[in-house]
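Participant: See work00.cif below, with mmCIF, C-alpha atoms.
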data_structure
loop_
_atom_site.label_atom_id
_atom_site.label_comp_id
_atom_site.auth_asym_id
_atom_site.auth_seq_id
_atom_site.Cartn_x
_atom_site.Cartn_y
_atom_site.Cartn_z
CA MET K 1 11.73 10.68 -4.87
CA ALA K 2 10.11 7.43 -3.89
CA LEU K 3 7.18 6.46 -6.05
CA ALA K 4 4.43 3.88 -5.44
CA ALA K 5 5.61 0.51 -4.17
CA SER K 6 4.46 -2.77 -5.68
CA LEU K 7 3.84 -5.33 -2.93
CA CYS K 8 4.37 -8.94 -3.81
CA LEU K 9 3.98 -11.79 -1.34
CA SER K 10 4.09 -15.54 -1.36
CA ILE K 11 5.42 -18.25 0.90
CA THR K 12 7.41 -21.42 0.40
CA PRO K 13 5.49 -24.60 1.34
CA ALA K 14 7.15 -26.85 3.86
CA GLN K 15 8.82 -29.95 2.48
CA ALA K 16 7.34 -32.84 4.43
CA ASP K 17 10.05 -35.26 3.38
CA GLY K 18 12.98 -32.88 3.48
CA GLY K 19 13.71 -32.77 7.18
CA GLY K 20 11.68 -29.60 7.64
CA PHE K 21 8.72 -28.88 9.83
CA GLY K 22 6.13 -30.87 7.85
CA GLY K 23 6.89 -34.27 9.38
CA MET K 24 7.16 -33.31 13.05
CA ILE K 25 3.55 -32.87 14.20
CA THR K 26 3.06 -34.75 17.43
CA GLN K 27 1.26 -34.41 20.70
CA PRO K 28 4.21 -34.08 23.11
CA SER K 29 4.29 -37.03 25.50
CA ASP K 30 5.64 -34.94 28.37
CA VAL K 31 2.85 -32.33 28.24
CA PRO K 32 0.21 -32.86 30.96
CA LYS K 33 -3.21 -33.69 29.53
CA PRO K 34 -5.72 -32.89 32.30
CA SER K 35 -9.05 -34.63 32.08
CA GLY K 36 -11.66 -32.44 30.39
CA ARG K 37 -9.08 -30.00 28.94
CA ASP K 38 -7.94 -29.55 25.39
CA TRP K 39 -4.20 -30.31 25.28
CA LEU K 40 -3.74 -27.30 22.97
CA ASP K 41 -5.22 -24.89 25.53
CA ASP K 42 -1.71 -24.55 26.93
CA PRO K 43 -0.14 -21.53 25.14
CA GLN K 44 3.34 -23.05 24.91
CA THR K 45 2.06 -26.37 23.59
CA ARG K 46 -0.10 -24.58 21.04
CA ALA K 47 2.88 -22.47 19.93
CA GLU K 48 5.04 -25.56 19.49
CA PHE K 49 2.27 -27.27 17.52
CA LEU K 50 1.79 -24.32 15.14
CA SER K 51 5.53 -23.92 14.67
CA THR K 52 5.80 -27.48 13.36
CA CYS K 53 2.58 -27.97 11.39
CA GLY K 54 4.14 -26.84 8.10
CA ASP K 55 1.91 -27.02 5.03
CA LYS K 56 -0.78 -28.89 6.94
CA CYS K 57 -1.63 -25.43 8.31
CA THR K 58 -3.06 -22.58 6.23
CA VAL K 59 -3.36 -18.94 7.22
CA THR K 60 -6.98 -18.47 6.14
CA GLY K 61 -7.30 -14.75 6.83
CA GLY K 62 -5.73 -11.91 8.71
CA GLU K 63 -4.52 -8.35 8.77
CA PHE K 64 -1.31 -6.49 9.37
CA ILE K 65 -1.64 -4.76 12.74
CA ASN K 66 1.34 -2.40 12.72
CA GLU K 67 3.34 -0.22 10.40
CA ALA K 68 5.99 -1.97 8.34
CA SER K 69 9.63 -1.54 9.32
CA GLU K 70 11.95 -1.29 6.35
CA GLY K 71 15.27 -3.00 5.86
CA THR K 72 18.10 -1.91 3.59
CA PRO K 73 16.97 -1.34 -0.04
CA GLU K 74 18.67 -3.29 -2.80
CA ARG K 75 18.73 -1.92 -6.34
CA VAL K 76 17.41 -4.64 -8.67
CA SER K 77 17.38 -2.83 -12.02
CA GLU K 78 19.79 -0.89 -14.15
CA PHE K 79 19.81 2.89 -13.96
CA HIS K 80 17.61 4.31 -16.73
CA ASP K 81 18.46 7.82 -17.87
CA THR K 82 15.89 10.27 -19.16
CA CYS K 83 17.61 13.11 -20.97
CA ASN K 84 15.62 15.63 -23.03
CA ALA K 85 13.01 13.08 -24.12
CA THR K 86 10.74 11.11 -21.82
CA GLY K 87 10.00 7.41 -22.15
CA SER K 88 9.44 4.27 -20.11
CA PHE K 89 11.00 0.93 -19.21
CA THR K 90 9.45 -2.37 -18.20
CA TYR K 91 10.70 -4.65 -15.48
CA LYS K 92 9.77 -8.15 -14.42
CA GLU K 93 10.55 -9.82 -11.12
CA GLU K 94 10.15 -13.58 -11.22
CA GLU K 95 8.75 -15.66 -8.38
CA THR K 96 11.98 -17.14 -7.08
CA ASN K 97 13.27 -17.63 -3.57
CA GLY K 98 13.94 -14.32 -1.86
CA ASN K 99 12.70 -12.30 -4.83
CA GLY K 100 9.07 -11.27 -4.51
CA LEU K 101 8.29 -13.83 -1.79
CA VAL K 102 7.76 -13.84 1.93
CA VAL K 103 11.30 -14.55 3.05
CA SER K 104 10.61 -15.47 6.67
CA MET K 105 7.78 -15.89 9.18
CA GLY K 106 7.99 -16.48 12.92
CA LEU K 107 5.40 -16.67 15.69
CA LYS K 108 5.43 -13.83 18.23
CA ILE K 109 5.55 -16.25 21.16
CA PRO K 110 8.61 -16.51 23.41
CA ALA K 111 8.47 -20.31 23.54
CA VAL K 112 9.24 -20.57 19.82
CA LYS K 113 10.92 -17.22 19.20
CA GLY K 114 13.38 -17.48 16.34
CA VAL K 115 11.79 -20.62 14.86
CA GLU K 116 10.75 -20.15 11.23
CA VAL K 117 7.22 -21.32 10.49
CA LEU K 118 6.12 -22.49 7.07
CA PRO K 119 2.33 -22.56 6.72
CA ARG K 120 0.44 -22.03 3.51
CA ILE K 121 -1.30 -18.66 3.10
CA ASP K 122 -4.69 -18.03 1.49
CA TYR K 123 -3.68 -14.84 -0.30
CA SER K 124 -7.19 -14.20 -1.62
CA GLN K 125 -8.21 -13.48 1.96
CA ILE K 126 -5.33 -11.25 2.99
CA HIS K 127 -5.29 -9.41 -0.35
CA THR K 128 -1.77 -9.91 -1.58
CA GLN K 129 -0.16 -11.35 -4.69
CA THR K 130 1.54 -14.71 -5.03
CA THR K 131 3.26 -14.38 -8.40
CA GLY K 132 6.10 -12.38 -9.88
CA ILE K 133 5.36 -8.85 -11.01
CA THR K 134 5.66 -7.06 -14.30
CA ASP K 135 5.27 -3.31 -14.40
CA THR K 136 6.19 -0.27 -16.46
CA VAL K 137 8.01 2.74 -15.03
CA THR K 138 7.03 5.95 -16.78
CA GLN K 139 10.00 8.25 -17.23
CA ASP K 140 8.04 11.50 -17.30
CA GLN K 141 10.69 13.99 -16.13
CA PRO K 142 13.65 15.05 -18.27
CA TYR K 143 17.18 14.82 -16.87
CA THR K 144 16.14 12.26 -14.30
CA ILE K 145 17.57 8.86 -13.34
CA TYR K 146 15.06 6.04 -12.68
CA TRP K 147 15.58 2.63 -11.09
CA LEU K 148 13.85 -0.10 -9.08
CA ASP K 149 14.59 -1.04 -5.46
CA LYS K 150 13.66 -4.20 -3.56
CA VAL K 151 12.99 -3.35 0.08
CA PRO K 152 12.60 -5.98 2.85
CA MET K 153 9.58 -5.11 5.00
CA THR K 154 8.61 -6.66 8.34
CA GLN K 155 5.12 -6.49 9.83
CA THR K 156 3.04 -8.40 12.36
CA LEU K 157 0.23 -10.43 10.79
CA ARG K 158 -2.65 -11.40 13.07
CA GLY K 159 -4.57 -14.19 11.41
CA ASN K 160 -6.65 -17.31 11.63
CA TRP K 161 -4.98 -20.66 10.96
CA HIS K 162 -6.64 -23.88 9.81
CA TYR K 163 -5.05 -27.25 10.50
CA GLU K 164 -6.17 -29.90 8.02
CA GLY K 165 -5.71 -32.81 10.42
CA ASP K 166 -3.56 -35.91 10.16
CA GLY K 167 -5.15 -39.34 9.89
CA VAL K 168 -1.87 -41.15 10.52
CA LYS K 169 -1.35 -39.34 13.82
CA ALA K 170 -5.09 -39.38 14.64
CA LEU K 171 -5.16 -35.58 14.92
CA PRO K 172 -8.45 -33.96 13.79
CA GLU K 173 -8.71 -30.77 11.76
CA ARG K 174 -9.22 -27.59 13.75
CA ASP K 175 -8.98 -23.80 13.61
CA PHE K 176 -6.87 -21.34 15.59
CA THR K 177 -7.76 -17.65 15.90
CA ASP K 178 -5.72 -14.50 16.45
CA VAL K 179 -2.35 -16.09 15.80
CA GLU K 180 0.33 -13.39 15.57
CA ALA K 181 3.44 -13.83 13.45
CA ASP K 182 6.17 -11.51 12.23
CA VAL K 183 6.28 -11.65 8.44
CA THR K 184 9.15 -10.38 6.29
CA TYR K 185 8.42 -9.82 2.62
CA ASN K 186 9.77 -7.75 -0.26
CA ALA K 187 8.26 -4.55 -1.60
CA PHE K 188 9.32 -3.29 -5.02
CA ARG K 189 9.64 0.48 -5.17
CA LYS K 190 10.05 2.72 -8.19
CA GLN K 191 12.74 5.31 -7.48
CA SER K 192 14.01 8.40 -9.25
CA ARG K 193 16.22 11.43 -8.70
CA PRO K 194 17.19 14.49 -10.75
CA MET K 195 20.56 14.46 -12.48
CA THR K 196 23.28 16.75 -11.26
CA GLU K 197 24.68 19.32 -13.67
CA GLU K 198 27.74 17.09 -14.10
CA GLU K 199 25.54 14.06 -14.91
CA LYS K 200 23.65 16.05 -17.53
CA VAL K 201 26.96 16.39 -19.31
CA SER K 202 28.38 12.92 -18.67
CA ARG K 203 25.14 10.94 -19.17
CA CYS K 204 23.30 13.09 -21.71
CA GLY K 205 26.01 14.99 -23.54
CA ASN K 206 24.72 18.49 -22.85
CA ALA K 207 24.79 20.80 -19.87
CA SER K 208 21.18 21.97 -19.74
CA PRO K 209 17.72 20.98 -21.04
CA SER K 210 17.05 22.00 -24.64
#
Written as structure tokens, how would this file's structure read?
Facilitator:
Amino acid sequence: MALAASLCLSITPAQADGGGFGGMITQPSDVPKPSGRDWLDDPQTRAEFLSTCGDKCTVTGGEFINEASEGTPERVSEFHDTCNATGSFTYKEEETNGNGLVVSMGLKIPAVKGVEVLPRIDYSQIHTQTTGITDTVTQDQPYTIYWLDKVPMTQTLRGNWHYEGDGVKALPERDFTDVEADVTYNAFRKQSRPMTEEEKVSRCGNASPS
């Protein structure tokens, strides 16, 4: 029986000096710049710009616009047996790479499909957590096995992005609306199942509840 899931999101800032996206923001020289038109009005140029702006961009708000698709669960706790007495156990998932964080993000635009983007996210506006989680699982059913799963979830986030500008490249700050990106994050789910008759003997030492 799947119990309530604890959702925990964060995102890794781009490393501007590490060969990542943070140091690649340019106005492409081969993109036509018609007089009187914003060079970022071109959808492909805009997509390329957002895919390379790194931590100079912040997702300032947004919402998930579809149901999450689930990946393969991974058990991240020991099995906790409840025999003829109930109890509880506490778990803590630290904020480390791939454990409680957004693990990937990519724009839903064919021109940059498959390119990971690394903006910052204002989590206070999209109502998610940025830190590790600590929670208590209540073992309230006798002869039950409890554990914790980590489940990768993918959803489309439609949000507004803010670019802080770059004085060195003479690029001003600006905002972009309705930017869609596929976000993969981890949900932590409390799981349980009843013991079989054999497990009541092997795990609890008796064949039936007292």
Participant: I would like the residues chosen by the PyMOL selection byres ((chain K and resi 159) around 9) on the shown file; could you give them as JSON, numbers by chain?
Facilitator: {"K": [59, 60, 61, 62, 63, 64, 126, 157, 158, 160, 161, 176, 177, 178, 179, 180, 181]}
Participant: Write out the residues from the selection above, keeping C-alpha atoms, as a PDB file, in the coordinates of the input.
Facilitator:
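What follows is the written file selection_35.pdb:
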ATOM      1  CA  VAL K  59      -3.360 -18.940   7.220  1.00  0.00           C
ATOM      2  CA  THR K  60      -6.980 -18.470   6.140  1.00  0.00           C
ATOM      3  CA  GLY K  61      -7.300 -14.750   6.830  1.00  0.00           C
ATOM      4  CA  GLY K  62      -5.730 -11.910   8.710  1.00  0.00           C
ATOM      5  CA  GLU K  63      -4.520  -8.350   8.770  1.00  0.00           C
ATOM      6  CA  PHE K  64      -1.310  -6.490   9.370  1.00  0.00           C
ATOM      7  CA  ILE K 126      -5.330 -11.250   2.990  1.00  0.00           C
ATOM      8  CA  LEU K 157       0.230 -10.430  10.790  1.00  0.00           C
ATOM      9  CA  ARG K 158      -2.650 -11.400  13.070  1.00  0.00           C
ATOM     10  CA  ASN K 160      -6.650 -17.310  11.630  1.00  0.00           C
ATOM     11  CA  TRP K 161      -4.980 -20.660  10.960  1.00  0.00           C
ATOM     12  CA  PHE K 176      -6.870 -21.340  15.590  1.00  0.00           C
ATOM     13  CA  THR K 177      -7.760 -17.650  15.900  1.00  0.00           C
ATOM     14  CA  ASP K 178      -5.720 -14.500  16.450  1.00  0.00           C
ATOM     15  CA  VAL K 179      -2.350 -16.090  15.800  1.00  0.00           C
ATOM     16  CA  GLU K 180       0.330 -13.390  15.570  1.00  0.00           C
ATOM     17  CA  ALA K 181       3.440 -13.830  13.450  1.00  0.00           C
TER      18      ALA K 181
END
Participant: Using all atoms listed in the file for the distances, tell me which of K:Arg189, K:Arg120, K:Lys56, K:Lys108 is nearest to Met153 of chain K.
Facilitator: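 For Met153 of chain K, the nearest of the candidates is K:Arg189.
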Participant: Select, from K:Glu48, K:Asp175, K:Phe89, K:Thr144, the residue with the minimum atom-to-atom distance to Val115 of chain K, counting all atoms listed in the file.
Facilitator: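 Closest to Val115 of chain K of all the choices is K:Glu48.
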Participant: Of the candidates K:Val168, K:Ala187, K:Asp42, K:Val117, which one gets nearest to Gly71 of chain K if we count all atoms listed in the file?
Facilitator: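 Once distances to Gly71 of chain K are computed over all atoms listed in the file, the minimum belongs to K:Ala187.
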Participant: Ranking K:Pro172, K:Pro152, K:Pro43, K:Gly205 by minimum distance to Ser69 of chain K and counting all atoms listed in the file, which one comes first?
Facilitator: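 Using all atoms listed in the file, the shortest distance to Ser69 of chain K belongs to K:Pro152.
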Participant: Could you state the separation of atom CA of His80 of chain K and atom CA of Ser202 of chain K in Å, given to one decimal place?
Facilitator: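 Spanning atom CA of His80 of chain K to atom CA of Ser202 of chain K is a straight-line distance of 13.9 Å.
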Participant: Any idea what the distance is between atom CA of Tyr146 of chain K and atom CA of Ser192 of chain K?
Facilitator: 4.3 Å
Participant: Do you have the atom CA of Val76 of chain K-atom CA of Trp147 of chain K distance handy?
Facilitator: 7.9 Å
Participant: Assuming the chain letters and numbering stay as they are in my file, what does the PyMOL selection byres ((chain K and resi 68) around 8) actually select? List them as number ranges by chain.
Facilitator: K: 66-67, 69-70, 153-155
